[in-house]
$ cat protein37.pdb   # PDB, C-alpha atoms
ATOM      1  CA  MET F 924      87.673  98.971 120.975
ATOM      2  CA  ALA F 925      87.864  96.925 117.805
ATOM      3  CA  THR F 926      89.578  93.572 117.740
ATOM      4  CA  ALA F 927      91.390  94.071 114.417
ATOM      5  CA  TYR F 928      93.964  96.830 114.025
ATOM      6  CA  GLY F 929      96.579  94.976 111.977
ATOM      7  CA  HIS F 930      98.994  92.317 113.148
ATOM      8  CA  MET F 931     101.706  94.589 114.523
ATOM      9  CA  ASN F 932      99.805  96.823 116.878
ATOM     10  CA  ASN F 933      96.809  95.114 118.407
ATOM     11  CA  PRO F 934      96.383  96.417 121.970
ATOM     12  CA  PRO F 935      97.381  93.517 124.243
ATOM     13  CA  GLU F 936      94.523  91.535 125.736
ATOM     14  CA  VAL F 937      96.566  90.668 128.838
ATOM     15  CA  PHE F 938      98.613  93.538 130.243
ATOM     16  CA  PHE F 939      99.561  95.743 133.157
ATOM     17  CA  SER F 940      99.873  99.510 132.858
ATOM     18  CA  VAL F 941     103.013 101.601 133.365
ATOM     19  CA  PRO F 942     103.042 105.415 133.558
ATOM     20  CA  ALA F 943     104.669 106.957 130.487
ATOM     21  CA  ALA F 944     107.206 108.855 132.590
ATOM     22  CA  ASP F 945     108.396 105.634 134.263
ATOM     23  CA  LEU F 946     108.755 103.847 130.948
ATOM     24  CA  GLN F 947     110.574 106.824 129.479
ATOM     25  CA  GLY F 948     113.021 106.772 132.387
ATOM     26  CA  PHE F 949     113.761 103.096 131.751
ATOM     27  CA  VAL F 950     114.325 103.589 128.010
ATOM     28  CA  SER F 951     116.626 106.545 128.678
ATOM     29  CA  ALA F 952     118.618 104.530 131.214
ATOM     30  CA  MET F 953     118.920 101.677 128.701
ATOM     31  CA  GLY F 954     120.189 104.084 126.075
ATOM     32  CA  LYS F 955     122.842 105.443 128.435
ATOM     33  CA  ALA F 956     123.827 101.950 129.557
ATOM     34  CA  SER F 957     124.432 100.990 125.934
ATOM     35  CA  GLY F 958     126.690 103.997 125.370
ATOM     36  CA  LEU F 959     124.479 106.877 124.222
ATOM     37  CA  ALA F 960     125.093 110.367 125.564
ATOM     38  CA  GLU F 961     122.374 111.498 127.960
ATOM     39  CA  GLU F 962     120.850 114.031 125.561
ATOM     40  CA  LEU F 963     120.488 111.420 122.827
ATOM     41  CA  ALA F 964     119.188 108.794 125.239
ATOM     42  CA  GLN F 965     116.512 111.174 126.507
ATOM     43  CA  LEU F 966     115.444 112.114 122.977
ATOM     44  CA  LEU F 967     115.233 108.463 121.954
ATOM     45  CA  ALA F 968     113.190 107.628 125.064
ATOM     46  CA  ARG F 969     110.752 110.462 124.411
ATOM     47  CA  LEU F 970     110.217 109.393 120.811
ATOM     48  CA  LEU F 971     109.825 105.681 121.545
ATOM     49  CA  VAL F 972     107.429 106.127 124.462
ATOM     50  CA  GLY F 973     105.521 108.676 122.387
ATOM     51  CA  ASN F 974     104.834 105.855 119.943
ATOM     52  CA  ASP F 975     103.636 103.593 122.782
ATOM     53  CA  LEU F 976     101.239 106.323 123.872
ATOM     54  CA  ARG F 977      99.632 106.216 120.433
ATOM     55  CA  GLY F 978      99.369 102.427 120.334
ATOM     56  CA  ASN F 979     102.279 102.075 117.907
ATOM     57  CA  PHE F 980     103.859  99.414 120.103
ATOM     58  CA  SER F 981     105.926  97.835 117.319
ATOM     59  CA  HIS F 982     107.920 101.081 117.066
ATOM     60  CA  GLY F 983     107.794 102.003 120.745
ATOM     61  CA  SER F 984     109.810 101.180 123.848
ATOM     62  CA  VAL F 985     110.198  97.521 122.886
ATOM     63  CA  GLN F 986     112.715  98.674 120.274
ATOM     64  CA  ILE F 987     115.230  99.784 122.915
ATOM     65  CA  ALA F 988     116.187  96.140 123.494
ATOM     66  CA  ARG F 989     117.337  95.828 119.875
ATOM     67  CA  TYR F 990     118.902  99.277 119.676
ATOM     68  CA  ALA F 991     120.909  98.820 122.870
ATOM     69  CA  ARG F 992     122.430  95.609 121.517
ATOM     70  CA  LEU F 993     123.199  97.191 118.140
ATOM     71  CA  ILE F 994     125.032 100.027 119.890
ATOM     72  CA  ARG F 995     126.868  97.736 122.324
ATOM     73  CA  ASP F 996     127.974  95.424 119.519
ATOM     74  CA  GLY F 997     129.188  98.269 117.283
ATOM     75  CA  VAL F 998     126.660  97.627 114.521
ATOM     76  CA  VAL F 999     125.662 101.288 114.789
ATOM     77  CA  ASN F1000     127.680 104.158 116.223
ATOM     78  CA  GLY F1001     126.830 104.841 119.860
ATOM     79  CA  ALA F1002     128.510 108.259 119.829
ATOM     80  CA  PRO F1003     127.471 109.783 116.499
ATOM     81  CA  CYS F1004     128.376 113.319 115.478
ATOM     82  CA  VAL F1005     125.334 114.371 113.459
ATOM     83  CA  THR F1006     126.301 117.030 110.914
ATOM     84  CA  VAL F1007     124.775 119.121 108.145
ATOM     85  CA  VAL F1008     126.816 118.388 105.015
ATOM     86  CA  LYS F1009     124.848 120.412 102.445
ATOM     87  CA  GLU F1010     122.308 123.199 102.880
ATOM     88  CA  THR F1011     120.324 125.706 100.836
ATOM     89  CA  PRO F1012     117.442 127.997 101.857
ATOM     90  CA  LEU F1013     115.041 125.220 100.784
ATOM     91  CA  SER F1014     116.933 122.040 101.649
ATOM     92  CA  VAL F1015     119.244 120.286 104.054
ATOM     93  CA  LEU F1016     121.278 117.076 103.899
ATOM     94  CA  VAL F1017     122.131 115.610 107.314
ATOM     95  CA  ASP F1018     124.692 112.865 107.957
ATOM     96  CA  GLY F1019     124.009 110.523 110.881
ATOM     97  CA  ASP F1020     127.625 109.341 111.334
ATOM     98  CA  GLY F1021     126.570 105.693 111.504
ATOM     99  CA  GLY F1022     124.238 106.069 114.500
ATOM    100  CA  LEU F1023     120.540 105.451 114.938
ATOM    101  CA  GLY F1024     118.401 107.309 112.415
ATOM    102  CA  TYR F1025     116.295 109.110 115.014
ATOM    103  CA  PHE F1026     118.983 111.706 115.625
ATOM    104  CA  PRO F1027     119.628 112.959 112.066
ATOM    105  CA  ALA F1028     115.937 112.604 111.140
ATOM    106  CA  HIS F1029     114.832 114.672 114.148
ATOM    107  CA  ARG F1030     117.406 117.343 113.364
ATOM    108  CA  ALA F1031     116.454 117.392 109.685
ATOM    109  CA  ALA F1032     112.752 117.680 110.559
ATOM    110  CA  GLN F1033     113.426 120.663 112.809
ATOM    111  CA  GLN F1034     115.386 122.421 110.069
ATOM    112  CA  VAL F1035     112.789 121.605 107.426
ATOM    113  CA  ILE F1036     110.089 123.123 109.638
ATOM    114  CA  ASP F1037     112.136 126.314 110.057
ATOM    115  CA  LYS F1038     112.946 126.557 106.356
ATOM    116  CA  ALA F1039     109.371 125.883 105.261
ATOM    117  CA  GLY F1040     108.143 128.512 107.696
ATOM    118  CA  ALA F1041     110.501 131.057 106.146
ATOM    119  CA  ARG F1042     110.329 130.052 102.478
ATOM    120  CA  GLY F1043     107.021 128.209 102.088
ATOM    121  CA  MET F1044     108.341 124.699 101.554
ATOM    122  CA  ALA F1045     111.460 122.691 102.246
ATOM    123  CA  VAL F1046     112.956 119.217 101.998
ATOM    124  CA  GLY F1047     115.456 117.381 104.155
ATOM    125  CA  VAL F1048     117.354 114.182 103.367
ATOM    126  CA  THR F1049     119.310 112.113 105.860
ATOM    127  CA  ARG F1050     122.006 109.529 105.206
ATOM    128  CA  ASN F1051     124.474 107.193 106.911
ATOM    129  CA  HIS F1052     122.326 105.937 109.787
ATOM    130  CA  GLY F1053     120.196 103.088 111.076
ATOM    131  CA  HIS F1054     116.467 102.853 111.770
ATOM    132  CA  ILE F1055     114.546 106.156 111.957
ATOM    133  CA  GLY F1056     111.637 104.440 113.737
ATOM    134  CA  ALA F1057     108.090 105.371 112.786
ATOM    135  CA  ALA F1058     107.919 107.889 109.946
ATOM    136  CA  GLY F1059     104.956 109.447 111.750
ATOM    137  CA  ILE F1060     107.280 110.847 114.427
ATOM    138  CA  TYR F1061     108.619 113.415 111.978
ATOM    139  CA  ALA F1062     105.383 114.035 110.061
ATOM    140  CA  ARG F1063     103.748 114.813 113.415
ATOM    141  CA  MET F1064     106.393 117.461 114.149
ATOM    142  CA  THR F1065     105.001 119.658 111.359
ATOM    143  CA  LEU F1066     101.464 119.803 112.745
ATOM    144  CA  GLY F1067     101.855 122.759 115.075
ATOM    145  CA  HIS F1068     103.280 124.967 112.328
ATOM    146  CA  ASP F1069     100.432 125.098 109.764
ATOM    147  CA  LEU F1070     102.401 122.774 107.495
ATOM    148  CA  LEU F1071     101.549 119.705 105.450
ATOM    149  CA  GLY F1072     104.141 116.957 105.874
ATOM    150  CA  PHE F1073     105.477 113.898 104.068
ATOM    151  CA  VAL F1074     108.148 111.478 105.344
ATOM    152  CA  THR F1075     109.659 108.320 103.919
ATOM    153  CA  SER F1076     112.725 106.148 104.353
ATOM    154  CA  GLY F1077     114.735 103.684 102.293
ATOM    155  CA  VAL F1078     117.138 100.874 103.114
ATOM    156  CA  GLN F1079     120.023  99.098 101.378
ATOM    157  CA  LEU F1080     118.206  96.335  99.514
ATOM    158  CA  ASN F1081     120.871  94.132  97.876
ATOM    159  CA  LEU F1082     118.409  93.071  95.185
ATOM    160  CA  GLN F1083     119.257  89.740  93.542
ATOM    161  CA  PRO F1084     117.896  88.341  90.238
ATOM    162  CA  GLY F1085     114.988  85.989  90.762
ATOM    163  CA  ARG F1086     113.840  87.347  94.114
ATOM    164  CA  PRO F1087     110.105  88.133  94.457
ATOM    165  CA  LEU F1088     108.912  91.511  93.175
ATOM    166  CA  TYR F1089     107.831  92.375  96.726
ATOM    167  CA  SER F1090     111.539  92.852  97.508
ATOM    168  CA  ALA F1091     111.639  96.063  95.461
ATOM    169  CA  GLY F1092     109.745  97.891  98.219
ATOM    170  CA  GLY F1093     112.075  97.181 101.136
ATOM    171  CA  GLY F1094     110.767  98.201 104.544
ATOM    172  CA  SER F1095     108.686 100.952 102.884
ATOM    173  CA  PRO F1096     107.527 103.404 105.606
ATOM    174  CA  MET F1097     105.507 106.485 104.699
ATOM    175  CA  ALA F1098     103.743 109.171 106.682
ATOM    176  CA  PHE F1099     101.550 112.129 105.699
ATOM    177  CA  SER F1100     100.188 114.835 107.993
ATOM    178  CA  ALA F1101      97.685 117.696 107.891
ATOM    179  CA  PRO F1102      96.618 119.830 110.874
ATOM    180  CA  ALA F1103      93.042 120.299 112.008
ATOM    181  CA  GLY F1104      91.476 122.809 114.379
ATOM    182  CA  ILE F1105      89.778 121.123 117.335
ATOM    183  CA  GLU F1106      89.511 117.623 115.877
ATOM    184  CA  PRO F1107      92.436 115.173 115.703
ATOM    185  CA  PRO F1108      94.855 116.010 112.886
ATOM    186  CA  LEU F1109      95.298 113.732 109.910
ATOM    187  CA  LEU F1110      98.334 111.510 110.496
ATOM    188  CA  LEU F1111      98.727 108.562 108.142
ATOM    189  CA  ASP F1112     101.711 106.441 109.242
ATOM    190  CA  PHE F1113     102.118 103.047 107.589
ATOM    191  CA  GLY F1114     104.351 100.490 105.950
ATOM    192  CA  THR F1115     103.312 100.279 102.318
ATOM    193  CA  LEU F1116     104.017  96.524 102.229
ATOM    194  CA  HIS F1117     102.564  95.590 105.608
ATOM    195  CA  ASP F1118     100.878  92.146 105.240
ATOM    196  CA  LEU F1119     103.046  91.533 102.151
ATOM    197  CA  TYR F1120     106.389  90.781 103.813
ATOM    198  CA  GLY F1121     107.918  87.338 103.446
ATOM    199  CA  SER F1122     106.754  86.277 106.899
ATOM    200  CA  ASP F1123     103.087  86.644 105.937
ATOM    201  CA  PRO F1124     101.723  83.282 104.740
ATOM    202  CA  HIS F1125      98.857  84.896 102.833
ATOM    203  CA  ARG F1126     100.708  87.390 100.662
ATOM    204  CA  ASP F1127     100.599  85.359  97.429
ATOM    205  CA  GLU F1128      96.912  84.699  98.035
ATOM    206  CA  ILE F1129      96.339  88.422  98.527
ATOM    207  CA  ALA F1130      98.250  89.125  95.305
ATOM    208  CA  SER F1131      96.165  86.625  93.346
ATOM    209  CA  LEU F1132      92.912  88.144  94.641
ATOM    210  CA  THR F1133      93.857  91.829  94.300
ATOM    211  CA  PRO F1134      96.889  92.168  91.992
ATOM    212  CA  GLY F1135      96.236  95.850  91.331
ATOM    213  CA  LEU F1136      96.193  96.615  95.052
ATOM    214  CA  VAL F1137      99.416  94.683  95.628
ATOM    215  CA  LEU F1138     101.177  96.368  92.691
ATOM    216  CA  ARG F1139     100.207  99.766  94.103
ATOM    217  CA  CYS F1140     101.683  98.768  97.464
ATOM    218  CA  ILE F1141     104.916  97.662  95.794
ATOM    219  CA  GLY F1142     104.979 100.880  93.774
ATOM    220  CA  LEU F1143     104.631 102.956  96.938
ATOM    221  CA  GLY F1144     107.488 100.939  98.416
ATOM    222  CA  GLU F1145     109.575 101.795  95.387
ATOM    223  CA  VAL F1146     108.894 105.481  96.055
ATOM    224  CA  CYS F1147     110.227 104.953  99.587
ATOM    225  CA  GLN F1148     113.350 103.318  98.186
ATOM    226  CA  THR F1149     114.048 105.966  95.559
ATOM    227  CA  TRP F1150     113.150 109.119  97.483
ATOM    228  CA  GLY F1151     114.296 107.957 100.920
ATOM    229  CA  GLY F1152     117.067 105.536  99.921
ATOM    230  CA  LEU F1153     118.750 106.060  96.536
ATOM    231  CA  LEU F1154     118.666 109.857  96.878
ATOM    232  CA  SER F1155     120.514 109.555 100.199
ATOM    233  CA  GLY F1156     123.349 107.572  98.599
ATOM    234  CA  LEU F1157     122.178 103.983  98.968
ATOM    235  CA  SER F1158     122.185 101.449  96.132
ATOM    236  CA  GLY F1159     119.858  98.722  94.935
ATOM    237  CA  ALA F1160     122.773  96.517  93.929
ATOM    238  CA  PRO F1161     124.119  93.674  96.093
ATOM    239  CA  ARG F1162     127.023  94.167  98.492
ATOM    240  CA  GLN F1163     127.323  97.915  97.948
ATOM    241  CA  ARG F1164     127.462  99.559 101.361
ATOM    242  CA  PRO F1165     128.549 103.195 101.116
ATOM    243  CA  TRP F1166     129.093 103.797 104.840
ATOM    244  CA  THR F1167     131.296 102.345 107.568
ATOM    245  CA  PHE F1168     128.896 100.929 110.166
ATOM    246  CA  ALA F1169     127.039  97.779 109.112
ATOM    247  CA  GLY F1170     123.790  99.051 110.637
ATOM    248  CA  ALA F1171     124.030 102.411 108.854
ATOM    249  CA  ASN F1172     122.059 101.108 105.913
ATOM    250  CA  GLN F1173     119.201 103.611 105.723
ATOM    251  CA  GLY F1174     118.285 107.086 104.550
ATOM    252  CA  ALA F1175     115.203 109.269 104.844
ATOM    253  CA  MET F1176     113.358 112.212 103.315
ATOM    254  CA  ILE F1177     111.218 114.822 105.075
ATOM    255  CA  VAL F1178     109.128 117.343 103.113
ATOM    256  CA  ALA F1179     106.980 120.190 104.442
ATOM    257  CA  MET F1180     104.769 122.779 102.731
ATOM    258  CA  ARG F1181     103.121 125.838 104.259
ATOM    259  CA  ILE F1182      99.329 125.792 103.934
ATOM    260  CA  ASP F1183      99.094 129.530 103.277
ATOM    261  CA  LEU F1184     100.851 129.087  99.944
ATOM    262  CA  ILE F1185      97.447 127.860  98.754
ATOM    263  CA  ASP F1186      94.757 128.652 101.326
ATOM    264  CA  ASP F1187      94.085 130.439 104.599
ATOM    265  CA  PRO F1188      95.202 128.039 107.372
ATOM    266  CA  VAL F1189      92.227 128.924 109.568
ATOM    267  CA  ARG F1190      89.765 128.061 106.814
ATOM    268  CA  PHE F1191      91.658 124.893 105.931
ATOM    269  CA  LYS F1192      91.693 123.644 109.529
ATOM    270  CA  ALA F1193      87.985 124.362 109.902
ATOM    271  CA  GLN F1194      87.352 122.280 106.780
ATOM    272  CA  MET F1195      89.576 119.558 108.246
ATOM    273  CA  ASP F1196      87.451 119.552 111.402
ATOM    274  CA  GLU F1197      84.288 119.109 109.354
ATOM    275  CA  TYR F1198      85.891 116.352 107.285
ATOM    276  CA  VAL F1199      87.118 114.438 110.347
ATOM    277  CA  ARG F1200      83.680 114.645 111.990
ATOM    278  CA  ARG F1201      81.989 113.335 108.845
ATOM    279  CA  VAL F1202      84.460 110.461 108.542
ATOM    280  CA  GLN F1203      83.680 109.503 112.136
ATOM    281  CA  GLN F1204      80.008 109.151 111.174
ATOM    282  CA  LEU F1205      80.729 106.628 108.407
ATOM    283  CA  LYS F1206      80.167 102.895 108.742
ATOM    284  CA  PRO F1207      83.395 101.243 109.989
ATOM    285  CA  LEU F1208      85.136  98.359 108.280
ATOM    286  CA  PRO F1209      84.298  94.807 109.377
ATOM    287  CA  GLY F1210      86.020  94.014 112.675
ATOM    288  CA  PHE F1211      86.089  97.632 113.820
ATOM    289  CA  ASP F1212      83.561  99.235 116.121
ATOM    290  CA  ARG F1213      83.934 102.809 114.855
ATOM    291  CA  ALA F1214      85.329 104.851 111.976
ATOM    292  CA  TYR F1215      88.311 107.169 112.303
ATOM    293  CA  ALA F1216      90.167 109.421 109.929
ATOM    294  CA  ALA F1217      93.849 108.463 109.798
ATOM    295  CA  GLY F1218      95.421 109.281 113.159
ATOM    296  CA  GLY F1219      92.132 109.522 115.048
ATOM    297  CA  ARG F1220      92.460 106.167 116.774
ATOM    298  CA  GLU F1221      96.041 106.992 117.804
ATOM    299  CA  GLU F1222      94.894 110.261 119.340
ATOM    300  CA  ALA F1223      92.136 108.491 121.275
ATOM    301  CA  LEU F1224      94.655 105.970 122.609
ATOM    302  CA  ARG F1225      97.074 108.729 123.583
ATOM    303  CA  LYS F1226      94.479 110.364 125.792
ATOM    304  CA  ARG F1227      93.606 107.030 127.402
ATOM    305  CA  TYR F1228      97.194 105.892 127.953
ATOM    306  CA  GLU F1229      98.315 109.265 129.325
ATOM    307  CA  ARG F1230      95.533 108.918 131.880
ATOM    308  CA  ASN F1231      95.756 105.201 132.665
ATOM    309  CA  GLY F1232      99.306 104.243 131.733
ATOM    310  CA  ILE F1233     100.766 102.344 128.792
ATOM    311  CA  PRO F1234      99.643  98.696 128.523
ATOM    312  CA  ILE F1235     102.555  96.252 128.653
ATOM    313  CA  GLY F1236     101.711  92.827 127.213
ATOM    314  CA  PRO F1237     103.641  89.592 127.876
ATOM    315  CA  LYS F1238     106.014  89.816 124.885
ATOM    316  CA  HIS F1239     106.690  93.494 125.559
ATOM    317  CA  GLN F1240     107.376  92.699 129.216
ATOM    318  CA  GLU F1241     109.696  89.812 128.389
ATOM    319  CA  ALA F1242     111.710  91.831 125.873
ATOM    320  CA  LEU F1243     112.293  94.722 128.278
ATOM    321  CA  GLU F1244     113.035  92.496 131.267
ATOM    322  CA  GLN F1245     115.613  90.483 129.327
ATOM    323  CA  ALA F1246     117.291  93.617 128.026
ATOM    324  CA  GLY F1247     117.173  95.272 131.445
ATOM    325  CA  THR F1248     118.904  92.273 133.030
ATOM    326  CA  GLU F1249     121.478  92.229 130.245
ATOM    327  CA  PHE F1250     122.364  95.912 130.694
ATOM    328  CA  GLY F1251     121.869  96.162 134.454
ATOM    329  CA  VAL F1252     118.851  98.472 134.250
ATOM    330  CA  PRO F1253     115.832  97.601 136.442
ATOM    331  CA  VAL F1254     112.431  97.660 134.789
ATOM    332  CA  PRO F1255     109.869 100.098 136.254
ATOM    333  CA  TRP F1256     107.630  97.348 137.648
ATOM    334  CA  PRO F1257     108.061  94.499 140.142
ATOM    335  CA  SER F1258     109.804  91.579 138.426
ATOM    336  CA  ASP F1259     109.452  87.937 139.397
TER     337      ASP F1259
END
$ encode --input "protein37.pdb" --output "structure tokens"
Amino acid sequence: MATAYGHMNNPPEVFFSVPAADLQGFVSAMGKASGLAEELAQLLARLLVGNDLRGNFSHGSVQIARYARLIRDGVVNGAPCVTVVKETPLSVLVDGDGGLGYFPAHRAAQQVIDKAGARGMAVGVTRNHGHIGAAGIYARMTLGHDLLGFVTSGVQLNLQPGRPLYSAGGGSPMAFSAPAGIEPPLLLDFGTLHDLYGSDPHRDEIASLTPGLVLRCIGLGEVCQTWGGLLSGLSGAPRQRPWTFAGANQGAMIVAMRIDLIDDPVRFKAQMDEYVRRVQQLKPLPGFDRAYAAGGREEALRKRYERNGIPIGPKHQEALEQAGTEFGVPVPWPSD
């Protein structure tokens, strides 16, 4: 495979492999040890390990170490009562009760899929929760229903005068999805400001070389903040936290549209297959050994990792072993 996939999710060069089911069992046990109900712990484990299977390691099982501590320390609610607070035939607003964002976002996505199936399109917004994880989790949920999907999320920014313009974009996740027939579906899942966060030493150099590109990235981040954040009840002003739990500082939006509002789904998916095949025949970018349409590489990794196990690199191993020791949950591999 290629050696350059972005800083966050390079496949580890040194690793051992763990079956997905074993890793899922560990993540679920960690969730329960931190205080989550079994149903929520199992859902969280399935979603996190599903990201690992697609090579999205930054948003995979390694996150359970952080989440377990947030729950234990009361930063987010470990026993949330997720509720629908407003609903129409085309929309739903879901409150996460201060817990992790996975639970209201998953529920909202399910309801959006049902509503779009019945009415043609639908939108869901979630509020009062922590991290939703990878936006692609929820965009992917639409794929088996002949729907196009869009997902984003915003966070409480506390913008201060004089801070860099990059700050306007926040964490800035977006995901788009479109089903195909026999080829991998289109699944674009990205942070609009990746490589432009404050920890990246080259961001001002990038901005000086390609200011238009950087401004577009910031603008996309601002869409995340307005659609996924402000609409959910968050603010851009400093020290304005509308909800009780300190970690409940995020919101999200999920949109779905039925393909047959515009075109026959069978024809559309056949055209998607042809498009994906033609993209695969293009010359790849420097540092990559083949071309993929968005989501194609993740699908190839999923097939490999389901067969051979999920690769666990040194930092991933250390994070899970430390958390497992802390919460009394053994890791699913021999430890030193």
$ atom_distance --input "protein37.pdb" --atom1 "atom CA of F:Arg1181" --atom2 "atom CA of F:Phe1099"
13.9 Å
$ closest_atom_pairs --input "protein37.pdb" --of "stretch 1214-1253 of chain F" --to "stretch 1056-1067 of chain F" --cutoff "12 Å" --atoms "all atoms listed in the file" --output "CSV"
residue,atom,partner,partner_atom,distance
F:Ala1217,CA,F:Gly1059,CA,11.3
F:Gly1218,CA,F:Gly1059,CA,9.6
F:Glu1221,CA,F:Gly1059,CA,11.1
F:Glu1222,CA,F:Arg1063,CA,11.6
$ atom_distance --input "protein37.pdb" --atom1 "atom CA of F:Val1005" --atom2 "atom CA of F:Val1146"
25.5 Å
$ resolve_selection --input "protein37.pdb" --expression "the PyMOL selection byres ((chain F and resi 1006) around 9)" --output "list in words"
Cys1004, Val1005, Val1007, Val1008, Leu1016, Val1017, Asp1018, Gly1019, Asp1020 and Pro1027 of chain F
$ atom_distance --input "protein37.pdb" --atom1 "atom CA of F:Gln1203" --atom2 "atom CA of F:Leu1116"
26.1 Å
$ residues_around --input "protein37.pdb" --residues "stretch 966-976 of chain F" --least-positions-apart "6" --cutoff "10 Å" --atoms "all atoms listed in the file" --output "PDB file with C-alpha atoms, in the coordinates of the input"
ATOM      1  CA  ASN F 932      99.805  96.823 116.878  1.00  0.00           C
ATOM      2  CA  PRO F 942     103.042 105.415 133.558  1.00  0.00           C
ATOM      3  CA  ALA F 943     104.669 106.957 130.487  1.00  0.00           C
ATOM      4  CA  ALA F 944     107.206 108.855 132.590  1.00  0.00           C
ATOM      5  CA  ASP F 945     108.396 105.634 134.263  1.00  0.00           C
ATOM      6  CA  LEU F 946     108.755 103.847 130.948  1.00  0.00           C
ATOM      7  CA  GLN F 947     110.574 106.824 129.479  1.00  0.00           C
ATOM      8  CA  GLY F 948     113.021 106.772 132.387  1.00  0.00           C
ATOM      9  CA  PHE F 949     113.761 103.096 131.751  1.00  0.00           C
ATOM     10  CA  VAL F 950     114.325 103.589 128.010  1.00  0.00           C
ATOM     11  CA  SER F 951     116.626 106.545 128.678  1.00  0.00           C
ATOM     12  CA  ALA F 952     118.618 104.530 131.214  1.00  0.00           C
ATOM     13  CA  MET F 953     118.920 101.677 128.701  1.00  0.00           C
ATOM     14  CA  GLY F 954     120.189 104.084 126.075  1.00  0.00           C
ATOM     15  CA  LEU F 959     124.479 106.877 124.222  1.00  0.00           C
ATOM     16  CA  HIS F 982     107.920 101.081 117.066  1.00  0.00           C
ATOM     17  CA  GLY F 983     107.794 102.003 120.745  1.00  0.00           C
ATOM     18  CA  SER F 984     109.810 101.180 123.848  1.00  0.00           C
ATOM     19  CA  VAL F 985     110.198  97.521 122.886  1.00  0.00           C
ATOM     20  CA  GLN F 986     112.715  98.674 120.274  1.00  0.00           C
ATOM     21  CA  ILE F 987     115.230  99.784 122.915  1.00  0.00           C
ATOM     22  CA  LEU F1023     120.540 105.451 114.938  1.00  0.00           C
ATOM     23  CA  TYR F1025     116.295 109.110 115.014  1.00  0.00           C
ATOM     24  CA  PHE F1026     118.983 111.706 115.625  1.00  0.00           C
ATOM     25  CA  HIS F1029     114.832 114.672 114.148  1.00  0.00           C
ATOM     26  CA  GLY F1056     111.637 104.440 113.737  1.00  0.00           C
ATOM     27  CA  ALA F1057     108.090 105.371 112.786  1.00  0.00           C
ATOM     28  CA  GLY F1059     104.956 109.447 111.750  1.00  0.00           C
ATOM     29  CA  ILE F1060     107.280 110.847 114.427  1.00  0.00           C
ATOM     30  CA  TYR F1061     108.619 113.415 111.978  1.00  0.00           C
ATOM     31  CA  GLU F1221      96.041 106.992 117.804  1.00  0.00           C
ATOM     32  CA  GLU F1222      94.894 110.261 119.340  1.00  0.00           C
ATOM     33  CA  ALA F1223      92.136 108.491 121.275  1.00  0.00           C
ATOM     34  CA  LEU F1224      94.655 105.970 122.609  1.00  0.00           C
ATOM     35  CA  ARG F1225      97.074 108.729 123.583  1.00  0.00           C
ATOM     36  CA  LYS F1226      94.479 110.364 125.792  1.00  0.00           C
ATOM     37  CA  ARG F1227      93.606 107.030 127.402  1.00  0.00           C
ATOM     38  CA  TYR F1228      97.194 105.892 127.953  1.00  0.00           C
ATOM     39  CA  GLU F1229      98.315 109.265 129.325  1.00  0.00           C
ATOM     40  CA  GLY F1232      99.306 104.243 131.733  1.00  0.00           C
ATOM     41  CA  ILE F1233     100.766 102.344 128.792  1.00  0.00           C
ATOM     42  CA  PRO F1234      99.643  98.696 128.523  1.00  0.00           C
ATOM     43  CA  ILE F1235     102.555  96.252 128.653  1.00  0.00           C
TER      44      ILE F1235
END
$ resolve_selection --input "protein37.pdb" --expression "the PyMOL selection byres ((chain F and resi 1100) around 6)" --output "list in words"
Ala1062, Leu1071, Gly1072, Phe1099, Ala1101, Leu1109 and Leu1110 of chain F
$ resolve_selection --input "protein37.pdb" --expression "the PyMOL selection byres ((chain F and resi 1034-1049) around 7)" --output "list in words"
Pro1012, Leu1013, Ser1014, Val1015, Leu1016, Val1017, Asp1018, Pro1027, Ala1028, Arg1030, Ala1031, Ala1032, Gln1033, Arg1050, Thr1065, Ser1155, Gly1174, Ala1175, Met1176, Ile1177, Val1178, Ala1179, Met1180, Arg1181 and Leu1184 of chain F
$ closest_residue --input "protein37.pdb" --among "F:Ala1214, F:Val1252, F:Val1202, F:Val1078" --to "F:Ser957" --atoms "all atoms listed in the file"
F:Val1252
$ closest_residue --input "protein37.pdb" --among "F:Gln1240, F:Gln1083, F:Ser1090, F:Asn1051" --to "F:Pro1165" --atoms "only C-alpha atoms"
F:Asn1051
$ closest_residue --input "protein37.pdb" --among "F:Leu993, F:Leu1080, F:Leu1119, F:Val937" --to "F:Gly1159" --atoms "all atoms listed in the file"
F:Leu1080
$ closest_atom_pairs --input "protein37.pdb" --of "stretch 1030-1105 of chain F" --to "stretch 994-1001 of chain F" --cutoff "10 Å" --atoms "only C-alpha atoms" --output "CSV"
residue,atom,partner,partner_atom,distance
F:Asn1051,CA,F:Val999,CA,9.9
F:His1052,CA,F:Val999,CA,7.6
F:Gly1053,CA,F:Val999,CA,6.8
F:His1054,CA,F:Val999,CA,9.8
$ write_last_selection --input "protein37.pdb" --atoms "C-alpha atoms" --output "mmCIF file, in the coordinates of the input"
data_model
loop_
_atom_site.group_PDB
_atom_site.id
_atom_site.type_symbol
_atom_site.label_atom_id
_atom_site.label_comp_id
_atom_site.auth_asym_id
_atom_site.auth_seq_id
_atom_site.Cartn_x
_atom_site.Cartn_y
_atom_site.Cartn_z
ATOM 1 C CA ASN F 1051 124.474 107.193 106.911
ATOM 2 C CA HIS F 1052 122.326 105.937 109.787
ATOM 3 C CA GLY F 1053 120.196 103.088 111.076
ATOM 4 C CA HIS F 1054 116.467 102.853 111.770
#
$ residues_around --input "protein37.pdb" --residues "stretch 1131-1143 of chain F" --least-positions-apart "4" --cutoff "12 Å" --atoms "all atoms listed in the file" --output "ChimeraX atom specification"
/F:1075-1077,1087-1098,1113-1120,1125-1127,1147-1151
$ residues_near_point --input "protein37.pdb" --point "(91.0, 120.7, 112.6)" --cutoff "12 Å" --atoms "only C-alpha atoms" --output "ChimeraX atom specification"
/F:1066-1067,1069,1100-1110,1188-1200,1216,1219
